[in-house]
Structures are given as C-alpha cells and as structure tokens.
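Below is one structure, written out as structure tokens; comments come after it.
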Amino acid sequence: MSGEDDNRTGGPTQHDDGDGIRGTARGSAPVPLSVLDLVTVGAGHTAAGAVRTAVDLARTAERRGFHRYWVAEHHSMPGVASSSPAVLLAHVAAHTERIRLGSGGVMLPNHAPLVIAEQFGTLEAMAPGRIDLGLGRAPGTDGATAAALRRTDGLREDADQFPQQLAELTRFLDDSFPDGHPYARIHAVPGPVQATSPGGVQSRHRPPLWLLGSSGFSARLAGSLGLPFAFAHHFSAANTLPALDLYRASFRPSEVLAEPYALIGVSALAAEDEREARRQVMTGALAMVRLRTGRPGLVPGPEEAEAYPFNELERGFVDGWLSNVVHGTPDAVRQGLDDLAKRTGADELMITSNAHGPAARVRSYELIADAYGFAG
C-alpha cells in the first residue's frame with residue numbers, strides 16, 4: 001500500500017482532508033457523497049465473494065470521488081458479512097490509497113474500549129490519516145446474540161453506560177488517563193504513547209470519533225461533546241429531522257469541530273431503467289421482511305422477490321420501507337438525493353445501495369457518480 005507513514009516526522013503522506021471530518025462536494029453534488037457497505041451476501045453467492053466485492057466497491061468509490069467508505073457491524077445475519085469491521089477495513093486499506101475508511105459503526109457496548117482503541121490504532125498505522133471510528137450503542141443484532149457477544153444479560157445496563165464507555169475509549173485513544181487512575185499505566189498500542197516514549201517520533205494523530213444513532217440519544221450526546229454525528233435515515237426516516245435538530249441545538253464547539261457536522265445514511269439504488277431499479281430494491285425489501293419476522297437469510301434474487309406472495313401486513317411494511325429508498329434512473333436518484341440534502345440540511349450523504357448481486361450494487365454507485373459528473 002502506498003503512502004506509508006514517514007517515521008522521521010510522524011506525518012502521514014496519505015490523502016488528508018484537513019480536520020479529517022469535513023469533505024468536499026464533487027461535481028454537481030450538493031454535499032460530499034460517501035459509501036456505506038453492508039457487505040451483503042446474496043443467494044447463490046459466498047462470503048468470500050462479498051469481501052471481494054467490498055474491495056471492488058471501495059476502489060470504485062475512491063476512483064470516482066466518493067469521500068469515505070464505511071462498513072457496519074452486524075451479527076448473526078446470514079445475508080450480511082460485516083461482523084468484524086476492523087478486519088474488513090484492514091483488508092480494504094491494503095487495496096486503496098486515498099479514500100477515508102471507517103466504521104458505521106462499531107457497536108461500543110459489544111466490546112471492551114481498550115480492544116477498540118487497539119484495533120483502530122492498528123488501522124491508523126496501516127492507513128495513516130484516513131481512518132474514521134464511528135460508534136453506536138445498539139447491539140447490531142438480536143438480544144440473545146448481543147448477550148453472547150457481551151457475556152452478560154444486562155443489555156439495557158450496557159446501553160445506559162454508553163457515555164462512560166465512550167469516555168474510557170477516548171482516554172485510551174488519547175493516552176490521557178490522569179495520574180492515579182487504575183488505567184493510567186495502560187496504553188493502547190499502536191497509539192500516542194509511542195510518540196511520547198523516549199526516542200518516539202510517531203504522530204499523536206488518532207482516528208476521529210463519530211457518534212451514530214437512529215434516535216435522539218446519540219444526537220444529543222454528539223452535540224454536547226462537539227463530535228460529528230451520523231444518523232441512520234435509511235431505517236429511521238421518521239426520526240431524521242428531530243434528531244438533526246437536537247444535534248444542532250445541543251452542539252458545543254470542541255477541539256474537534258467548531259460547528260456541527262452531520263451526515264445521514266440513505267438507501268439509494270440507480271439502474272439504467274426504473275423497472276430494473278425496482279427489481280433490485282425489492283430483493284432488499286424481501287430480505288428485510290424476513291429479518292423483521294425472525295427469518296433472516298441470504299439476500300434473495302430478483303426472480304424470487306418478484307414471485308414472493310407478500311401478505312397484506314408484509315405488503316404494508318414493504319411499501320413503507322420502499323418510500324425511504326431513493327431508486328430509479330440515475331437522474332431520478334440524483335433528484336431524490338438533492339431533495340433529501342435540501343430537506344435535511346445534511347452536511348454529507350452516505351449511500352448504501354443494497355441489491356442481490358454485486359454487479360448491480362457497484363454499477364449503482366458508478367451511475368450515481370455519472371449523474372453528478374464525478375471524474376473517473
């Protein structure tokens with residue numbers, strides 16, 4: 001991988017976007033556009049193929065001018081191969097050079113803060129200056145799986161401890177526990193301690209923290225801490241505007257940000273014609289129906305989705321779900337994204353294009369880039 005860290009100065013030679021948070025809008029896009037990849041596995045495909053597609057998608061996003069590429073932590077879902085964001089990001093980092101890479105997100109209550117600090121310190125060493133650490137407080141799975149991950153039944157208690165866990169993680173990332181603290185002599189490595197040790201020349205830079213949410217809790221916390229905020233519009237659209245309003249109203253300037261910075265995740269899929277776009281998004285809709293009714297599986301193919309006999313309740317769910325998926329021709333998707341950016345005032349749109357097959361997913365991002373006149 002090119003752009004290695006210069007150990008004499010500690011300065012990254014990788015792509016640098018100033019504060020590591022704010023992006024630049026490309027072409028005619030109203031705001032920076034980014035990619036959220038669920039690393040989905042379709043019927044007839046393998047997890048190995050999904051990982052290869054993740055690399056293809058990240059390289060496509062980099063070549064076409066998308067600002068960042070994130071993966072999300074999910075567990076016990078056959079159709080989603082993103083249970084280990086740090087492992088996936090390490091692999092993608094080895095095949096990209098400039099695009100920002102991050103988690104959208106790591107579910108903090110599932111992990112010891114020190115482990116996350118070590119993982120993302122390692123990623124920062126692999127891809128200096130282009131790693132994001134997005135954090136969520138949901139389990140990313142069902143309650144039983146969360147209990148297996150955390151080795152506890154106190155799931156509610158863990159979620160309520162999120163601010164304390166966040167503070168601990170921040171201390172590990174900054175190597176800033178005060179004297180007398182039980183963890184004062186514990187250091188996340190790779191990390192800033194290597195810059196302050198005798199002979200140390202490493203940069204103290206560490207990945208910027210983002211808080212993720214689908215309700216008001218993380219919005220308020222991100223605002224009060226002066227952190228960037230990512231909202232899951234793609235599955236909690238009714239809460240988008242209230243959460244963004246709360247984030248902006250709660251915002252207090254920090255060393256990280258002088259002003260609020262909010263991105264929203266949005267489901268969007270473009271195809272050459274409207275019918276094909278509809279066929280592709282229906283595969284994701286059927287997968288969601290099965291997930292919500294306790295039958296998670298691989299993402300079905302378009303033919304299976306077309307033939308599926310939705311009952312009245314399922315049809316109502318699908319109609320509601322699709323109303324928040326921007327899909328159609330490239331021009332229609334561009335208009336939908338423009339309208340969403342204007343309506344929400346989001347500083348960045350992070351697009352997830354979910355479909356059964358890898359070709360349709362990667363092609364969707366190419367078409368969106370073309371619609372906005374991105375280079376490449």
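Labeling convention for the structure tokens: chains A, B, ... as they appear, residues from 1 per chain, ligands from 1 in order of appearance.
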
Which residues come within 12 Å of Leu322 of chain A, counting only C-alpha atoms, excluding same-chain residues fewer than 4 positions away, as a ChimeraX atom specification? /A:234-235,237,266-269,277-286,288-289,315-318,326-328,354

Open item on the list: According to DSSP computed on the backbone, where in segment 99-336 of chain A is there alpha helix (DSSP H)? Give the residues as a ChimeraX atom specification.
Closed with: /A:113-126,143-150,155-160,162-174,193-196,216-225,240-250,274-292,302-307,312-322,330-336

Interatomic distance (Å, one decimal) between atom CA of Gly104 of chain A and atom CA of Glu259 of chain A
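Value for the atom CA of Gly104 of chain A-atom CA of Glu259 of chain A distance: 21.3 Å.
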
Mind running segment 208-297 of chain A against segment 170-184 of chain A at 12 Å and telling me each contacting residue's nearest atom pair with the distance in Å (one decimal), counting only C-alpha atoms, chain and number ascending, as a Markdown table?
| residue | atom | partner | partner_atom | distance |
| --- | --- | --- | --- | --- |
| A:Pro208 | CA | A:Leu173 | CA | 9.7 |
| A:Leu209 | CA | A:Thr170 | CA | 8.4 |
| A:Trp210 | CA | A:Thr170 | CA | 11.4 |
| A:Leu225 | CA | A:Thr170 | CA | 11.5 |
| A:Leu227 | CA | A:Thr170 | CA | 11.8 |

Atoms to include: all heavy atoms. Write the selected residues as a PDB file, in the first residue's frame.
ATOM      1  N   PRO A 208     -10.583  10.197  14.090  1.00  0.00           N
ATOM      2  CA  PRO A 208     -11.664  10.989  14.665  1.00  0.00           C
ATOM      3  C   PRO A 208     -12.845  10.102  15.053  1.00  0.00           C
ATOM      4  O   PRO A 208     -13.152   9.126  14.370  1.00  0.00           O
ATOM      5  CB  PRO A 208     -12.040  11.959  13.541  1.00  0.00           C
ATOM      6  CG  PRO A 208     -11.556  11.312  12.290  1.00  0.00           C
ATOM      7  CD  PRO A 208     -10.357  10.510  12.676  1.00  0.00           C
ATOM      8  N   LEU A 209     -13.488  10.468  16.156  1.00  0.00           N
ATOM      9  CA  LEU A 209     -14.669   9.752  16.630  1.00  0.00           C
ATOM     10  C   LEU A 209     -15.931  10.353  16.033  1.00  0.00           C
ATOM     11  O   LEU A 209     -16.079  11.570  15.963  1.00  0.00           O
ATOM     12  CB  LEU A 209     -14.762   9.826  18.153  1.00  0.00           C
ATOM     13  CG  LEU A 209     -13.777   8.991  18.965  1.00  0.00           C
ATOM     14  CD1 LEU A 209     -13.939   9.313  20.446  1.00  0.00           C
ATOM     15  CD2 LEU A 209     -13.984   7.511  18.719  1.00  0.00           C
ATOM     16  N   TRP A 210     -16.846   9.493  15.646  1.00  0.00           N
ATOM     17  CA  TRP A 210     -18.195   9.854  15.224  1.00  0.00           C
ATOM     18  C   TRP A 210     -19.169   9.113  16.123  1.00  0.00           C
ATOM     19  O   TRP A 210     -18.922   7.968  16.507  1.00  0.00           O
ATOM     20  CB  TRP A 210     -18.454   9.397  13.787  1.00  0.00           C
ATOM     21  CG  TRP A 210     -17.740  10.146  12.719  1.00  0.00           C
ATOM     22  CD1 TRP A 210     -16.406  10.114  12.427  1.00  0.00           C
ATOM     23  CD2 TRP A 210     -18.340  11.005  11.755  1.00  0.00           C
ATOM     24  NE1 TRP A 210     -16.144  10.901  11.343  1.00  0.00           N
ATOM     25  CE2 TRP A 210     -17.310  11.465  10.907  1.00  0.00           C
ATOM     26  CE3 TRP A 210     -19.651  11.425  11.520  1.00  0.00           C
ATOM     27  CZ2 TRP A 210     -17.557  12.322   9.852  1.00  0.00           C
ATOM     28  CZ3 TRP A 210     -19.900  12.282  10.468  1.00  0.00           C
ATOM     29  CH2 TRP A 210     -18.861  12.733   9.641  1.00  0.00           C
ATOM     30  N   LEU A 225     -20.736  16.964  23.109  1.00  0.00           N
ATOM     31  CA  LEU A 225     -19.300  16.706  23.083  1.00  0.00           C
ATOM     32  C   LEU A 225     -18.603  17.363  21.904  1.00  0.00           C
ATOM     33  O   LEU A 225     -17.371  17.269  21.785  1.00  0.00           O
ATOM     34  CB  LEU A 225     -19.048  15.196  23.042  1.00  0.00           C
ATOM     35  CG  LEU A 225     -19.529  14.392  24.250  1.00  0.00           C
ATOM     36  CD1 LEU A 225     -19.320  12.906  24.028  1.00  0.00           C
ATOM     37  CD2 LEU A 225     -18.820  14.853  25.520  1.00  0.00           C
ATOM     38  N   LEU A 227     -18.867  16.492  18.695  1.00  0.00           N
ATOM     39  CA  LEU A 227     -18.409  15.453  17.771  1.00  0.00           C
ATOM     40  C   LEU A 227     -19.273  15.434  16.519  1.00  0.00           C
ATOM     41  O   LEU A 227     -20.429  15.849  16.549  1.00  0.00           O
ATOM     42  CB  LEU A 227     -18.485  14.086  18.450  1.00  0.00           C
ATOM     43  CG  LEU A 227     -17.566  13.852  19.650  1.00  0.00           C
ATOM     44  CD1 LEU A 227     -17.846  12.482  20.260  1.00  0.00           C
ATOM     45  CD2 LEU A 227     -16.103  13.975  19.250  1.00  0.00           C
TER      46      LEU A 227
END

message = Please list as a list in words every residue within 8 Å of Gly226 of chain A, counting only C-alpha atoms and excluding residues in the same chain fewer than 5 positions away.
response = Phe251, Arg252, Pro253, Ser254, Glu255, Val256, Leu257, Ala258, Glu259 and Pro260 of chain A

Just to be explicit: take each residue in the selection above, keep C-alpha atoms, and write the result as a compact mmCIF listing (two decimals), in the first residue's frame.
# COMPACT_ATOMS: atom_id res chain seq x y z
CA PHE A 251 -23.86 21.35 19.81
CA ARG A 252 -20.99 22.83 21.77
CA PRO A 253 -17.78 23.74 19.91
CA SER A 254 -14.83 21.49 20.69
CA GLU A 255 -11.24 20.95 19.66
CA VAL A 256 -12.63 18.62 17.03
CA LEU A 257 -15.33 20.81 15.48
CA ALA A 258 -16.21 24.49 15.66
CA GLU A 259 -19.60 23.86 14.03
CA PRO A 260 -21.94 20.85 13.76

Query raised in the report: Could you pull the residues within 8 Å of Tyr372 of chain A, counting only C-alpha atoms, minus those fewer than 4 positions along the same chain, as JSON, numbers by chain?
Result: {"A": [26, 27, 28, 29, 334, 368]}

Requested in this report: Identify all residues of segment 89-297 of chain A in strand (DSSP E or B) (DSSP on the backbone) and supply them as a ChimeraX atom specification.
Outcome: /A:100-107,131-136,209-213,229-231,262-270

Practice prompt. For each of A:Gly191, A:Gly223, A:Pro113, A:Gly143, take the minimum atom-to-atom distance to Gln165 of chain A, counting only C-alpha atoms, then give the residue where this is smallest.
Written response: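 The closest residue to Gln165 of chain A is A:Pro113.
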
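The shortest atom-to-atom distance to Ala219 of chain A, with only C-alpha atoms taken into account, belongs to A:Ile264 out of A:Leu349, A:Ala188, A:Ile264, A:Val201.
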
Notebook entry, point to check: Which one of A:Gly320, A:Pro302, A:Pro192, A:Gly357 sits closest to Thr46 of chain A if you count only C-alpha atoms?
Noted result: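 Looking at the shortest contact to Thr46 of chain A, the residue is A:Gly357.
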
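Using only C-alpha atoms, the protein and nucleic acid residues lying no more than 8 Å from segment 55-61 of chain A, apart from those fewer than 2 places from it along its own chain, are A:Ser34, A:Val35, A:Val51, A:Arg52, A:Thr53, A:Arg63, A:Arg64, A:Gly65, A:Phe66, A:His67, A:Arg68, A:Tyr69, A:His91, A:Val92, A:His95, A:Thr96, A:Ile99, A:Val362, A:Tyr365, A:Glu366.
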
Can you write out the residues you just picked, keeping N, CA and C atoms, as a PDB file, in the first residue's frame?
ATOM      1  N   SER A  34     -20.717   9.694   0.190  1.00  0.00           N
ATOM      2  CA  SER A  34     -19.902   8.607   0.711  1.00  0.00           C
ATOM      3  C   SER A  34     -20.640   7.288   0.563  1.00  0.00           C
ATOM      4  N   VAL A  35     -19.985   6.203   0.989  1.00  0.00           N
ATOM      5  CA  VAL A  35     -20.496   4.849   0.782  1.00  0.00           C
ATOM      6  C   VAL A  35     -20.596   4.126   2.121  1.00  0.00           C
ATOM      7  N   VAL A  51     -16.681 -10.210   0.223  1.00  0.00           N
ATOM      8  CA  VAL A  51     -15.484  -9.471   0.626  1.00  0.00           C
ATOM      9  C   VAL A  51     -14.749  -8.952  -0.601  1.00  0.00           C
ATOM     10  N   ARG A  52     -14.688  -9.758  -1.653  1.00  0.00           N
ATOM     11  CA  ARG A  52     -14.063  -9.268  -2.891  1.00  0.00           C
ATOM     12  C   ARG A  52     -14.839  -8.078  -3.445  1.00  0.00           C
ATOM     13  N   THR A  53     -16.164  -8.146  -3.368  1.00  0.00           N
ATOM     14  CA  THR A  53     -16.981  -7.027  -3.834  1.00  0.00           C
ATOM     15  C   THR A  53     -16.742  -5.795  -2.983  1.00  0.00           C
ATOM     16  N   ARG A  63     -11.940   5.838  -6.836  1.00  0.00           N
ATOM     17  CA  ARG A  63     -11.668   6.317  -8.196  1.00  0.00           C
ATOM     18  C   ARG A  63     -12.671   7.368  -8.632  1.00  0.00           C
ATOM     19  N   ARG A  64     -13.931   7.237  -8.206  1.00  0.00           N
ATOM     20  CA  ARG A  64     -14.971   8.139  -8.680  1.00  0.00           C
ATOM     21  C   ARG A  64     -15.160   9.384  -7.813  1.00  0.00           C
ATOM     22  N   GLY A  65     -14.501   9.482  -6.684  1.00  0.00           N
ATOM     23  CA  GLY A  65     -14.567  10.716  -5.909  1.00  0.00           C
ATOM     24  C   GLY A  65     -15.514  10.712  -4.731  1.00  0.00           C
ATOM     25  N   PHE A  66     -15.984   9.527  -4.290  1.00  0.00           N
ATOM     26  CA  PHE A  66     -16.743   9.476  -3.049  1.00  0.00           C
ATOM     27  C   PHE A  66     -15.787   9.769  -1.886  1.00  0.00           C
ATOM     28  N   HIS A  67     -16.319  10.392  -0.823  1.00  0.00           N
ATOM     29  CA  HIS A  67     -15.444  10.904   0.230  1.00  0.00           C
ATOM     30  C   HIS A  67     -14.936   9.819   1.170  1.00  0.00           C
ATOM     31  N   ARG A  68     -15.810   8.927   1.601  1.00  0.00           N
ATOM     32  CA  ARG A  68     -15.395   7.887   2.543  1.00  0.00           C
ATOM     33  C   ARG A  68     -16.161   6.591   2.278  1.00  0.00           C
ATOM     34  N   TYR A  69     -15.609   5.507   2.798  1.00  0.00           N
ATOM     35  CA  TYR A  69     -16.197   4.171   2.680  1.00  0.00           C
ATOM     36  C   TYR A  69     -16.246   3.589   4.083  1.00  0.00           C
ATOM     37  N   HIS A  91      -8.340  -5.098   5.377  1.00  0.00           N
ATOM     38  CA  HIS A  91      -8.247  -5.667   4.031  1.00  0.00           C
ATOM     39  C   HIS A  91      -8.466  -4.598   2.967  1.00  0.00           C
ATOM     40  N   VAL A  92      -9.475  -3.779   3.160  1.00  0.00           N
ATOM     41  CA  VAL A  92      -9.760  -2.723   2.180  1.00  0.00           C
ATOM     42  C   VAL A  92      -8.637  -1.691   2.159  1.00  0.00           C
ATOM     43  N   HIS A  95      -5.912  -2.264  -0.231  1.00  0.00           N
ATOM     44  CA  HIS A  95      -6.237  -2.190  -1.656  1.00  0.00           C
ATOM     45  C   HIS A  95      -6.678  -0.793  -2.089  1.00  0.00           C
ATOM     46  N   THR A  96      -6.543   0.186  -1.222  1.00  0.00           N
ATOM     47  CA  THR A  96      -6.896   1.573  -1.554  1.00  0.00           C
ATOM     48  C   THR A  96      -5.769   2.485  -1.109  1.00  0.00           C
ATOM     49  N   ILE A  99      -9.042   7.126  -0.169  1.00  0.00           N
ATOM     50  CA  ILE A  99     -10.382   7.277   0.397  1.00  0.00           C
ATOM     51  C   ILE A  99     -10.359   7.045   1.907  1.00  0.00           C
ATOM     52  N   VAL A 362     -22.360  -2.320  -7.404  1.00  0.00           N
ATOM     53  CA  VAL A 362     -21.241  -1.486  -7.850  1.00  0.00           C
ATOM     54  C   VAL A 362     -21.684  -0.577  -8.989  1.00  0.00           C
ATOM     55  N   TYR A 365     -23.391   2.741  -7.877  1.00  0.00           N
ATOM     56  CA  TYR A 365     -22.501   3.839  -7.483  1.00  0.00           C
ATOM     57  C   TYR A 365     -21.864   4.506  -8.703  1.00  0.00           C
ATOM     58  N   GLU A 366     -21.531   3.705  -9.706  1.00  0.00           N
ATOM     59  CA  GLU A 366     -20.993   4.287 -10.938  1.00  0.00           C
ATOM     60  C   GLU A 366     -22.015   5.226 -11.578  1.00  0.00           C
TER      61      GLU A 366
END

Could you tell me how far atom CA of Asp19 of chain A lies from atom CA of Pro163 of chain A, in Å and to one decimal?
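About the pair atom CA of Asp19 of chain A and atom CA of Pro163 of chain A: they are 23.6 Å apart.
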
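Among A:Ser214, A:Ala355, A:Pro128, A:Ala360, the residue with the shortest atom-to-atom distance to Gly42 of chain A, counting only C-alpha atoms, is A:Ala355.
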
- 12 Å contact set for Phe162 of chain A, only C-alpha atoms, chain neighbours under 6 positions out, as a VMD selection string: chain A and resid 107 to 113 135 to 139 155 to 156 168 to 169 211 to 212 217 to 218 221 to 222

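Of the listed residues (A:Leu241, A:Ser103, A:Ala50, A:Asp370), A:Leu241 comes nearest to Leu340 of chain A; the distances count only C-alpha atoms.
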
Q. Quick one: of A:Gln335, A:Ala371, A:Leu246, A:Gly294, who's nearest to Glu272 of chain A, counting only C-alpha atoms?
A.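 Counting only C-alpha atoms, the residue closest to Glu272 of chain A is A:Ala371.
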
Provide the atom CA of Arg100 of chain A to atom CA of Pro242 of chain A distance in Å, to one decimal place.
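Atom-to-atom, atom CA of Arg100 of chain A to atom CA of Pro242 of chain A, that is 28.2 Å.
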
message: At a cut-off of 10 Å, using only C-alpha atoms, what residues contact Ser76 of chain A? Leave out same-chain residues fewer than 2 positions from it and give the result as a list in words.
response: His74, Pro78, Gly79, Val80, Ala81, Ser83, Gly140, Thr141, Asp142, Ala144, Thr145, Ala146, Pro296 and Gly297 of chain A

Can you write out the residues you just picked, keeping N, CA and C atoms, as a compact mmCIF listing (two decimals), in the first residue's frame?
# COMPACT_ATOMS: atom_id res chain seq x y z
N HIS A 74 -22.62 -6.02 12.13
CA HIS A 74 -23.85 -6.79 12.29
C HIS A 74 -23.48 -8.21 12.69
N PRO A 78 -27.23 -14.06 8.18
CA PRO A 78 -26.58 -14.76 7.07
C PRO A 78 -26.33 -13.88 5.84
N GLY A 79 -27.17 -12.88 5.63
CA GLY A 79 -27.04 -12.05 4.44
C GLY A 79 -26.12 -10.87 4.59
N VAL A 80 -25.44 -10.73 5.73
CA VAL A 80 -24.56 -9.59 5.98
C VAL A 80 -23.24 -10.10 6.52
N ALA A 81 -22.15 -9.86 5.79
CA ALA A 81 -20.84 -10.41 6.16
C ALA A 81 -19.93 -9.36 6.79
N SER A 83 -19.48 -8.68 10.26
CA SER A 83 -19.44 -8.83 11.70
C SER A 83 -18.16 -8.28 12.32
N GLY A 140 -26.53 -4.20 17.19
CA GLY A 140 -26.28 -4.65 15.83
C GLY A 140 -26.78 -6.06 15.59
N THR A 141 -27.71 -6.51 16.43
CA THR A 141 -28.23 -7.86 16.30
C THR A 141 -29.40 -8.02 17.27
N ASP A 142 -29.86 -9.25 17.47
CA ASP A 142 -30.93 -9.53 18.42
C ASP A 142 -30.37 -9.65 19.83
N ALA A 144 -30.42 -12.04 22.15
CA ALA A 144 -29.69 -13.24 22.53
C ALA A 144 -28.26 -13.21 22.00
N THR A 145 -28.10 -12.78 20.75
CA THR A 145 -26.76 -12.69 20.18
C THR A 145 -25.94 -11.64 20.90
N ALA A 146 -26.57 -10.52 21.24
CA ALA A 146 -25.86 -9.48 21.98
C ALA A 146 -25.37 -10.01 23.32
N PRO A 296 -34.14 -14.41 9.22
CA PRO A 296 -33.03 -13.83 8.45
C PRO A 296 -32.38 -14.87 7.55
N GLY A 297 -31.95 -14.42 6.39
CA GLY A 297 -31.30 -15.33 5.45
C GLY A 297 -30.47 -14.56 4.46
